[in-house]
Amino acid sequence: MFVLAEGAAPLVDPGSADGAFSLLWLVIVLPLLGAAILLVGAPLAKGRLDKQGHLLGAALPVLSFVLSLVMFFALLGRSSDDRQVSQHLYTWFQAGGLKVGADLLYDPLSALFMLLITGVGSLIHIYSIGYMEHDERRRRFFGYLNLFIAAMLTLVMSANYLGVFLGWEGVGLASYLLIGFWQYKHSAAAAAKKAFILNRVGDIGLSLAVALFFATFGTTDFTTISANAGKASEGTMTALGLLLLLAACGKSAQVPLQSWLLDAMEGPTPVSALIHAATMVTAGVYLVVRSNFVFDYAPHARTAVVVVATVTLLWGAVIGCGKDDIKKVLAGSTMSQIGYMMLGAGLGVAGYPFAIFHLLTHGFFKANMFLGAGSVMHGMDDDVDMRHYGALSRAMPVTFLTFAMGYLAIIGFPGFSGFWSKDKIIEVALTQNWLVGVLAMIGAGITGFYMTRLMLMTFFSQKRWADGVHPHESPRVMTVPLIVLAALSVLGGVMLIGNWIADFLEPVTGHPLEENPALPAVVNSVIVVVIVAVGVALAWYLFQRQEVPREAPQNVSFVTRAARSELYGNEINDGLVVRPGGRLVGGLTLFDRHGVDGVVEGTALGVGGSGSVLRMVQTGFVRSYALSLLAGAVLVVVALLAVNLK
Amino acid sequence: MIALATNDSFVTPHIAYGSLWPILVIFGAACVGVLVEAFLPRQWRYVAQFGLTLGAMVVALVGVGFVANGLPELGGGAARGLFGSEGTVALDGPTMFMWGLVLVFGLGGVLLFAERHVEGGVSAFAGQAAALPGTESERRTQALDHTEVYPLLLFAVGGMMLFPASGDLLTMFVALEVLSLPLYLLSGLARRRRLLSQEAAMKYFLLGAFSSGFFLYGVALIYGYAGSMDFGAINEAVSNNAGNQTLLVIGMGMLTVGLLFKVGAAPFQAWMPDVYQGAPTAVTAFMAAATKAAAFGAMLRLFYVAFGSARWTWQPMLWVIAILTMVVGTVLALVQSDMKRMLAYSSVAHTGFLLTGVLGLQGSDEIHPGQITSLQAVMFYLVTYGLTTLGAFAVTALVRDSAGEQSTILRWAGLGKHSPVVAGVFALFLLGMAGIPLTSGFTGKWAVFEVALAAGAWPVVIVAVLASAAAAFFYVRVIVVMYFHEPESDSAYVAHPSVLTATTVGVTAAATVALGILPGPVLDLARTAGEFIR
């Protein structure tokens, strides 16, 4: 389906870290230190840190951000073929040539991620100071957030797959702890467990991929693998690509491992903004783009990425249309937008930079909207049902305005950041395969529909508040981060000026071949805008012109019911995995408890007689153990004989 | 082989005392311990036995270091060592590594045995083993301390040292019995829940005797095949393809059964949960770590030295056993409600991971420069697994309620709230067993999976990866119970241990972290141990 780009992926060939880059390790260590102090140190300090600990927790990511910024400018100061730096911290383990180093890699790709993680991360830490003000476990919350930042930085800064795996598990752990942070809520505990299990499935993909890298290349270093990628067979590369895709599906909530993301909204809203919108869920996209040297040699795996991405971007968008819970609408939308990023990543060299571009702009506007939703909930006594909102634009002017910026960005209003990034992905998709391109356009239309629905039901239409609710604007510590993120949502598009983002990422992603686009860029943009406008207009007709009922109507069409129940993702999981798995375990247990004993009883009954045999059955289980031992011995000998004697 | 008296000349047997002495120290101290028990007044015995045992082990451990340094090099440096006692004991690098390992676990065991804080001034062993449970005589002997456990421990440690060092089948069988018999006894000596403990000991003994029978039969068959018990001679017979193949194959199978029983591989794992649960927890801790190490040492020597030329004969069988063991261990651990039984099944799963390592490439001439051999990978895994297990059981012994130890998992609810340090350390051990990166379990798994992959055993490795992924559930479930469940009125509490248990737990916890972050030195040590001598 896709043509292998000439010259394929550029090699990972970093120089050594000097100057400002010698502080690379500190970027990770700072938040890690915060986590250690807040989680391990504070209990030893007997509550003395409970009052002020969160300020420390918020300050350290800011320091990391400053460091990242300094290094980013140092990187810009270098020529473009000199923009890869690696730092060897120490040898993690070594026995002869089996050597895995704790190495860091700093290149344009990790630079952008570090800025996103520490930048958006810092803003969300600051916001959380206000949001978690009345929670008695606030110190622990900040500890977990710091832990997350450290793990996520490890993920994007490691110079080998084993380090990536370490970070991968770390963010999974932090996400689990934070989703279940309000563990007294049964739903939160269940959601944490679900996220853990589905992520575990993805993790198997990554660990098998790491093992296969090792078996194929004898190392997991990006440097060696990228240099030798061409020498491995295409079958191996395809297997690697598919395993990495499985990993990405788990972490980034792509179909078929998507169902945990909506439940994950049980966590505190800043968590949803940071982990389940801006950073962690995009780790899958990072993994695919980082492994471009694998995917360039595995066209079939790339096709699989595109298929998964296209299905997910529509799947998430449809879910977004059916939900009344404001956070779940945003979660569906996150799923859909990550589908766009994966699509970009699956399109190869031409798509990589725009996948990352969309990832960054999405990080801004989605974090903005999640925090905005948190601010709305803050003013509405933690109610999340949009049917109980309405006409909030007056009561919360700052939240409304900032949210509107995010809204215009995500639907792709011309000039806003999301317009540029989504447009580019659709354009590349259309060039390579018209069907995928058209489906991506339809997805954009649906996005316009459900986001407008959210906007209208929340900030416009009629007042539907419950009695005794007095919506109010949130404190300054919460609105300032909103304003900063809103500004970024508007201005994120500047990264595309002069094609800067593609040129900047070129040392990592490679130089694309010149291809003739299917449609002129302007025509393409106009079509997308028109489709989005149709979606917006439809939503306006349905939710502004007509009255929104306070209770969700029940006699609705099949499509609405399907969207409300997340396109039956949970039912599919139950039917295909959970119940058969449960039966298997149950069967094995049953066999262990009764099967072996049953055989003994049966044999004994057959041989002996009645009364004495029954008494023997009561005496215990040693005989049945001995029988299983005997059976095992027979198994061993038969296995040996079967192989060796003909 | 044993050339004692010919017609007219007497040849002094070559014993190699200079390299053998650490094991003699242990056996000697065990004999002295028996005398102490007979001649010293009761009130002095605890201190005397504890000091004697601890001292003997420390001396032996230091001795192992010296002996290991002085081993002569063989075969261009690939292996180091010599045969002692006329070829019945192989004193080589791997032997020294296993000796050190068994002694370290033994030291941990001694410290746990001597713990008297938790039970309020007495040890966790029955005051008098002969007193019937629930009788007057039991009540009268309640305040006594059972100090025979120390010589028993020393005998077991001695047997465990001899087991992987044995150079012929007969020595191996003797070592097997020497290590097993004290363990059967120790399993039945619990102070609380004595019936459960005695039942466990009985089961262990009966099944152990049964499996020893298999082993002995295997010895006989192999003797019939090769005409010798000596590993070197067996290897020669195998590579010359001499003798009756059926004898070889069936004999090999029977020997395997005996060893697989000791390491607790499926389908020979049935005794493990019962015994691990019934035995005093200090015994379980020692036994789980040290027996597995010794038995894997012996198994590696048997398969790599005696049957090294017949690798393709036994490898498919071990593939099946490894896969079966991992699946059975993992799946059954998922449904356990008792901590000790859960750890027992998890130990079964770990046996499967270790067997995966046994399948790897053996000789240093087969591997790429820099790769590690499967022997080294398995030895490293034994270090990580053993230390973590020792620590986990040590902590289990501390969680109690009014009836003694409380090992029902749900009763651990809220432990993280009122005993954060103990719960945290236990969580660390669990994460280590689950193989989470930055703990020793991760590097251990990495090592064994890697050697198995290099040998082309990828189907086993895939099962192993899947099993480790599934295994994480039951470990994490415990963490969830400890941290995310509210404590209830019948929840267990943590007894304050003395410095003895605290040392064991502290050292093993530190090792779990250290071997995850900086496993280099221990891997290097395993590498310098080199190969088995033949």
# chains A, B, ... in the order shown; residues from 1 in each chain; ligands from 1
$ select_by_dssp --residues "region 507-560 of chain A" --states "alpha helix (DSSP H)" --output "number ranges by chain"
A: 507-509, 521-543, 558-560
$ write_last_selection --atoms "N, CA and C atoms" --output "PDB file, in the first residue's frame"
ATOM      1  N   PRO A 507      16.190  15.537  11.340  1.00  0.00           N
ATOM      2  CA  PRO A 507      17.272  14.620  11.748  1.00  0.00           C
ATOM      3  C   PRO A 507      16.750  13.325  12.362  1.00  0.00           C
ATOM      4  N   VAL A 508      15.514  13.336  12.861  1.00  0.00           N
ATOM      5  CA  VAL A 508      14.971  12.127  13.471  1.00  0.00           C
ATOM      6  C   VAL A 508      14.091  11.377  12.478  1.00  0.00           C
ATOM      7  N   THR A 509      13.195  12.118  11.819  1.00  0.00           N
ATOM      8  CA  THR A 509      12.165  11.436  11.043  1.00  0.00           C
ATOM      9  C   THR A 509      12.558  11.226   9.588  1.00  0.00           C
ATOM     10  N   ALA A 521      -3.481  22.281  -1.579  1.00  0.00           N
ATOM     11  CA  ALA A 521      -3.631  22.450  -0.139  1.00  0.00           C
ATOM     12  C   ALA A 521      -4.830  23.319   0.219  1.00  0.00           C
ATOM     13  N   VAL A 522      -5.043  24.357  -0.557  1.00  0.00           N
ATOM     14  CA  VAL A 522      -6.134  25.273  -0.224  1.00  0.00           C
ATOM     15  C   VAL A 522      -7.488  24.586  -0.384  1.00  0.00           C
ATOM     16  N   VAL A 523      -7.635  23.848  -1.488  1.00  0.00           N
ATOM     17  CA  VAL A 523      -8.888  23.143  -1.726  1.00  0.00           C
ATOM     18  C   VAL A 523      -9.165  22.165  -0.597  1.00  0.00           C
ATOM     19  N   ASN A 524      -8.117  21.466  -0.226  1.00  0.00           N
ATOM     20  CA  ASN A 524      -8.204  20.512   0.868  1.00  0.00           C
ATOM     21  C   ASN A 524      -8.727  21.188   2.143  1.00  0.00           C
ATOM     22  N   SER A 525      -8.109  22.330   2.485  1.00  0.00           N
ATOM     23  CA  SER A 525      -8.519  23.031   3.697  1.00  0.00           C
ATOM     24  C   SER A 525      -9.971  23.469   3.610  1.00  0.00           C
ATOM     25  N   VAL A 526     -10.351  23.979   2.449  1.00  0.00           N
ATOM     26  CA  VAL A 526     -11.719  24.476   2.300  1.00  0.00           C
ATOM     27  C   VAL A 526     -12.716  23.344   2.497  1.00  0.00           C
ATOM     28  N   ILE A 527     -12.410  22.174   1.917  1.00  0.00           N
ATOM     29  CA  ILE A 527     -13.330  21.046   2.068  1.00  0.00           C
ATOM     30  C   ILE A 527     -13.476  20.672   3.533  1.00  0.00           C
ATOM     31  N   VAL A 528     -12.347  20.593   4.229  1.00  0.00           N
ATOM     32  CA  VAL A 528     -12.396  20.229   5.644  1.00  0.00           C
ATOM     33  C   VAL A 528     -13.225  21.248   6.421  1.00  0.00           C
ATOM     34  N   VAL A 529     -12.988  22.512   6.163  1.00  0.00           N
ATOM     35  CA  VAL A 529     -13.721  23.545   6.901  1.00  0.00           C
ATOM     36  C   VAL A 529     -15.212  23.430   6.631  1.00  0.00           C
ATOM     37  N   VAL A 530     -15.557  23.148   5.403  1.00  0.00           N
ATOM     38  CA  VAL A 530     -16.981  23.034   5.066  1.00  0.00           C
ATOM     39  C   VAL A 530     -17.601  21.857   5.818  1.00  0.00           C
ATOM     40  N   ILE A 531     -16.881  20.717   5.816  1.00  0.00           N
ATOM     41  CA  ILE A 531     -17.423  19.550   6.512  1.00  0.00           C
ATOM     42  C   ILE A 531     -17.608  19.855   7.994  1.00  0.00           C
ATOM     43  N   VAL A 532     -16.594  20.486   8.609  1.00  0.00           N
ATOM     44  CA  VAL A 532     -16.695  20.843  10.026  1.00  0.00           C
ATOM     45  C   VAL A 532     -17.892  21.771  10.242  1.00  0.00           C
ATOM     46  N   ALA A 533     -18.057  22.727   9.328  1.00  0.00           N
ATOM     47  CA  ALA A 533     -19.151  23.689   9.469  1.00  0.00           C
ATOM     48  C   ALA A 533     -20.495  22.984   9.458  1.00  0.00           C
ATOM     49  N   VAL A 534     -20.609  21.943   8.630  1.00  0.00           N
ATOM     50  CA  VAL A 534     -21.860  21.186   8.607  1.00  0.00           C
ATOM     51  C   VAL A 534     -22.111  20.563   9.971  1.00  0.00           C
ATOM     52  N   GLY A 535     -21.049  19.950  10.548  1.00  0.00           N
ATOM     53  CA  GLY A 535     -21.191  19.337  11.860  1.00  0.00           C
ATOM     54  C   GLY A 535     -21.600  20.357  12.904  1.00  0.00           C
ATOM     55  N   VAL A 536     -20.960  21.510  12.885  1.00  0.00           N
ATOM     56  CA  VAL A 536     -21.270  22.566  13.859  1.00  0.00           C
ATOM     57  C   VAL A 536     -22.716  23.015  13.712  1.00  0.00           C
ATOM     58  N   ALA A 537     -23.127  23.208  12.472  1.00  0.00           N
ATOM     59  CA  ALA A 537     -24.478  23.697  12.221  1.00  0.00           C
ATOM     60  C   ALA A 537     -25.519  22.697  12.708  1.00  0.00           C
ATOM     61  N   LEU A 538     -25.255  21.438  12.469  1.00  0.00           N
ATOM     62  CA  LEU A 538     -26.179  20.406  12.906  1.00  0.00           C
ATOM     63  C   LEU A 538     -26.333  20.437  14.426  1.00  0.00           C
ATOM     64  N   ALA A 539     -25.185  20.537  15.111  1.00  0.00           N
ATOM     65  CA  ALA A 539     -25.227  20.586  16.568  1.00  0.00           C
ATOM     66  C   ALA A 539     -25.982  21.827  17.039  1.00  0.00           C
ATOM     67  N   TRP A 540     -25.745  22.939  16.379  1.00  0.00           N
ATOM     68  CA  TRP A 540     -26.421  24.176  16.761  1.00  0.00           C
ATOM     69  C   TRP A 540     -27.929  24.023  16.610  1.00  0.00           C
ATOM     70  N   TYR A 541     -28.322  23.369  15.500  1.00  0.00           N
ATOM     71  CA  TYR A 541     -29.748  23.175  15.255  1.00  0.00           C
ATOM     72  C   TYR A 541     -30.359  22.305  16.346  1.00  0.00           C
ATOM     73  N   LEU A 542     -29.648  21.248  16.757  1.00  0.00           N
ATOM     74  CA  LEU A 542     -30.208  20.288  17.699  1.00  0.00           C
ATOM     75  C   LEU A 542     -30.176  20.788  19.141  1.00  0.00           C
ATOM     76  N   PHE A 543     -29.130  21.528  19.514  1.00  0.00           N
ATOM     77  CA  PHE A 543     -28.938  21.813  20.942  1.00  0.00           C
ATOM     78  C   PHE A 543     -29.116  23.270  21.324  1.00  0.00           C
ATOM     79  N   PHE A 558     -30.942   3.584  17.604  1.00  0.00           N
ATOM     80  CA  PHE A 558     -29.920   2.572  17.837  1.00  0.00           C
ATOM     81  C   PHE A 558     -28.533   3.199  17.892  1.00  0.00           C
ATOM     82  N   VAL A 559     -28.302   4.170  16.995  1.00  0.00           N
ATOM     83  CA  VAL A 559     -26.972   4.785  16.908  1.00  0.00           C
ATOM     84  C   VAL A 559     -26.628   5.481  18.218  1.00  0.00           C
ATOM     85  N   THR A 560     -27.590   6.226  18.786  1.00  0.00           N
ATOM     86  CA  THR A 560     -27.329   6.930  20.032  1.00  0.00           C
ATOM     87  C   THR A 560     -27.052   5.948  21.160  1.00  0.00           C
TER      88      THR A 560
END
$ residues_around --residues "Val494 (chain B)" --least-positions-apart "6" --cutoff "7 Å" --atoms "only C-alpha atoms" --output "number ranges by chain"
B: 398-400, 419
$ interface_residues --of "chain B" --to "chain A" --cutoff "6 Å" --atoms "only C-alpha atoms" --output "NGL selection string"
:B and (203 or 250 or 253 or 257 or 267-268 or 270 or 317 or 370-371 or 437 or 518-520)
$ write_last_selection --atoms "N, CA and C atoms" --output "CSV table (one decimal), in the first residue's frame"
chain,number,residue,atom,x,y,z
B,203,LYS,N,3.2,-35.3,54.9
B,203,LYS,CA,3.1,-35.3,53.4
B,203,LYS,C,4.4,-35.1,52.7
B,250,ILE,N,15.1,-44.0,30.0
B,250,ILE,CA,14.2,-44.2,31.1
B,250,ILE,C,14.9,-43.8,32.4
B,253,GLY,N,14.9,-40.1,32.7
B,253,GLY,CA,13.6,-39.7,33.2
B,253,GLY,C,13.4,-39.8,34.7
B,257,VAL,N,12.7,-36.9,37.5
B,257,VAL,CA,11.6,-36.8,38.4
B,257,VAL,C,12.0,-36.5,39.8
B,267,PRO,N,4.4,-31.5,36.9
B,267,PRO,CA,3.3,-31.8,37.8
B,267,PRO,C,3.8,-32.4,39.1
B,268,PHE,N,4.9,-32.0,39.6
B,268,PHE,CA,5.4,-32.5,40.9
B,268,PHE,C,5.3,-31.4,42.0
B,270,ALA,N,2.6,-30.6,43.8
B,270,ALA,CA,1.4,-30.7,44.7
B,270,ALA,C,1.8,-30.5,46.1
B,317,MET,N,11.8,-32.6,26.5
B,317,MET,CA,11.0,-32.9,27.7
B,317,MET,C,11.0,-31.7,28.6
B,370,GLY,N,30.7,-12.3,25.2
B,370,GLY,CA,30.0,-11.3,26.0
B,370,GLY,C,28.6,-11.8,26.4
B,371,GLN,N,28.1,-12.8,25.7
B,371,GLN,CA,26.8,-13.3,26.2
B,371,GLN,C,27.1,-14.1,27.5
B,437,PRO,N,10.9,-3.6,36.5
B,437,PRO,CA,12.2,-3.0,36.3
B,437,PRO,C,12.7,-2.2,37.5
B,518,LEU,N,22.1,-2.2,40.0
B,518,LEU,CA,23.5,-2.4,39.7
B,518,LEU,C,23.8,-3.9,39.8
B,519,PRO,N,23.2,-4.7,38.9
B,519,PRO,CA,23.5,-6.2,39.1
B,519,PRO,C,24.9,-6.6,38.6
B,520,GLY,N,25.6,-5.6,38.1
B,520,GLY,CA,26.9,-6.0,37.5
B,520,GLY,C,27.8,-6.8,38.3
$ select_by_dssp --residues "region 77-266 of chain A" --states "strand (DSSP E or B)" --output "ChimeraX atom specification"
/A:85-95,98-106,158,160,221
$ residues_around --residues "Tyr127 (chain A)" --least-positions-apart "4" --cutoff "7 Å" --atoms "only C-alpha atoms" --output "mmCIF file with N, CA and C atoms, in the first residue's frame"
data_model
loop_
_atom_site.group_PDB
_atom_site.id
_atom_site.type_symbol
_atom_site.label_atom_id
_atom_site.label_comp_id
_atom_site.auth_asym_id
_atom_site.auth_seq_id
_atom_site.Cartn_x
_atom_site.Cartn_y
_atom_site.Cartn_z
ATOM 1 N N LEU A 123 2.199 23.583 34.503
ATOM 2 C CA LEU A 123 0.937 24.322 34.581
ATOM 3 C C LEU A 123 -0.101 23.513 35.354
ATOM 4 N N TYR A 131 -6.995 23.156 42.799
ATOM 5 C CA TYR A 131 -8.045 22.145 42.618
ATOM 6 C C TYR A 131 -8.087 21.168 43.775
ATOM 7 N N VAL A 477 -5.234 30.872 40.947
ATOM 8 C CA VAL A 477 -4.225 29.845 40.736
ATOM 9 C C VAL A 477 -4.709 28.812 39.718
ATOM 10 N N MET A 478 -6.016 28.744 39.518
ATOM 11 C CA MET A 478 -6.533 27.819 38.512
ATOM 12 C C MET A 478 -6.729 28.491 37.167
ATOM 13 N N PRO A 481 -3.198 29.181 34.737
ATOM 14 C CA PRO A 481 -2.794 28.115 33.813
ATOM 15 C C PRO A 481 -3.739 28.002 32.620
#
$ residues_around --residues "Phe307 (chain B)" --least-positions-apart "4" --cutoff "10 Å" --atoms "only C-alpha atoms" --output "list in words"
Phe231, Gly232, Ile234, Asn235, Glu236, Ala237, Val238, Ser239, Leu248, Met252, Leu300, Arg301, Leu302, Phe303, Arg311, Trp312, Thr313 and Trp314 of chain B
$ write_last_selection --atoms "N, CA and C atoms" --output "mmCIF file, in the first residue's frame"
data_model
loop_
_atom_site.group_PDB
_atom_site.id
_atom_site.type_symbol
_atom_site.label_atom_id
_atom_site.label_comp_id
_atom_site.auth_asym_id
_atom_site.auth_seq_id
_atom_site.Cartn_x
_atom_site.Cartn_y
_atom_site.Cartn_z
ATOM 1 N N PHE B 231 29.927 -39.039 36.804
ATOM 2 C CA PHE B 231 29.353 -38.184 35.759
ATOM 3 C C PHE B 231 30.215 -38.182 34.506
ATOM 4 N N GLY B 232 31.532 -38.104 34.721
ATOM 5 C CA GLY B 232 32.430 -38.084 33.570
ATOM 6 C C GLY B 232 32.283 -39.352 32.745
ATOM 7 N N ILE B 234 29.722 -41.400 32.662
ATOM 8 C CA ILE B 234 28.403 -41.436 32.015
ATOM 9 C C ILE B 234 28.438 -40.606 30.736
ATOM 10 N N ASN B 235 29.050 -39.439 30.847
ATOM 11 C CA ASN B 235 29.141 -38.567 29.682
ATOM 12 C C ASN B 235 29.879 -39.260 28.545
ATOM 13 N N GLU B 236 30.955 -39.970 28.905
ATOM 14 C CA GLU B 236 31.719 -40.673 27.894
ATOM 15 C C GLU B 236 30.854 -41.745 27.215
ATOM 16 N N ALA B 237 30.117 -42.483 28.050
ATOM 17 C CA ALA B 237 29.256 -43.524 27.490
ATOM 18 C C ALA B 237 28.218 -42.922 26.569
ATOM 19 N N VAL B 238 27.672 -41.780 26.964
ATOM 20 C CA VAL B 238 26.642 -41.141 26.136
ATOM 21 C C VAL B 238 27.241 -40.698 24.810
ATOM 22 N N SER B 239 28.415 -40.062 24.853
ATOM 23 C CA SER B 239 28.948 -39.556 23.590
ATOM 24 C C SER B 239 29.452 -40.691 22.706
ATOM 25 N N LEU B 248 19.105 -45.709 29.079
ATOM 26 C CA LEU B 248 19.522 -44.322 29.270
ATOM 27 C C LEU B 248 18.311 -43.405 29.383
ATOM 28 N N MET B 252 17.269 -41.566 32.723
ATOM 29 C CA MET B 252 17.310 -40.103 32.736
ATOM 30 C C MET B 252 15.977 -39.543 33.232
ATOM 31 N N LEU B 300 21.540 -28.798 37.135
ATOM 32 C CA LEU B 300 22.403 -28.289 36.070
ATOM 33 C C LEU B 300 23.609 -29.199 35.891
ATOM 34 N N ARG B 301 24.184 -29.651 37.016
ATOM 35 C CA ARG B 301 25.369 -30.493 36.884
ATOM 36 C C ARG B 301 25.011 -31.819 36.216
ATOM 37 N N LEU B 302 23.895 -32.387 36.629
ATOM 38 C CA LEU B 302 23.483 -33.658 36.034
ATOM 39 C C LEU B 302 23.259 -33.513 34.532
ATOM 40 N N PHE B 303 22.492 -32.483 34.152
ATOM 41 C CA PHE B 303 22.146 -32.345 32.740
ATOM 42 C C PHE B 303 23.315 -31.867 31.901
ATOM 43 N N ARG B 311 22.065 -33.646 24.861
ATOM 44 C CA ARG B 311 21.174 -32.518 25.105
ATOM 45 C C ARG B 311 19.850 -32.660 24.365
ATOM 46 N N TRP B 312 19.915 -33.168 23.128
ATOM 47 C CA TRP B 312 18.678 -33.223 22.350
ATOM 48 C C TRP B 312 17.753 -34.324 22.841
ATOM 49 N N THR B 313 18.266 -35.163 23.734
ATOM 50 C CA THR B 313 17.393 -36.171 24.313
ATOM 51 C C THR B 313 16.485 -35.561 25.371
ATOM 52 N N TRP B 314 17.075 -34.723 26.229
ATOM 53 C CA TRP B 314 16.259 -34.230 27.343
ATOM 54 C C TRP B 314 15.641 -32.871 27.096
#
$ atom_distance --atom1 "CA of Phe10 (chain B)" --atom2 "CA of Gly87 (chain B)"
17.6 Å
$ closest_residue --among "A:His472, A:Arg140, A:Ala552, A:Gly241" --to "Gln52 (chain A)" --atoms "only C-alpha atoms"
A:Arg140
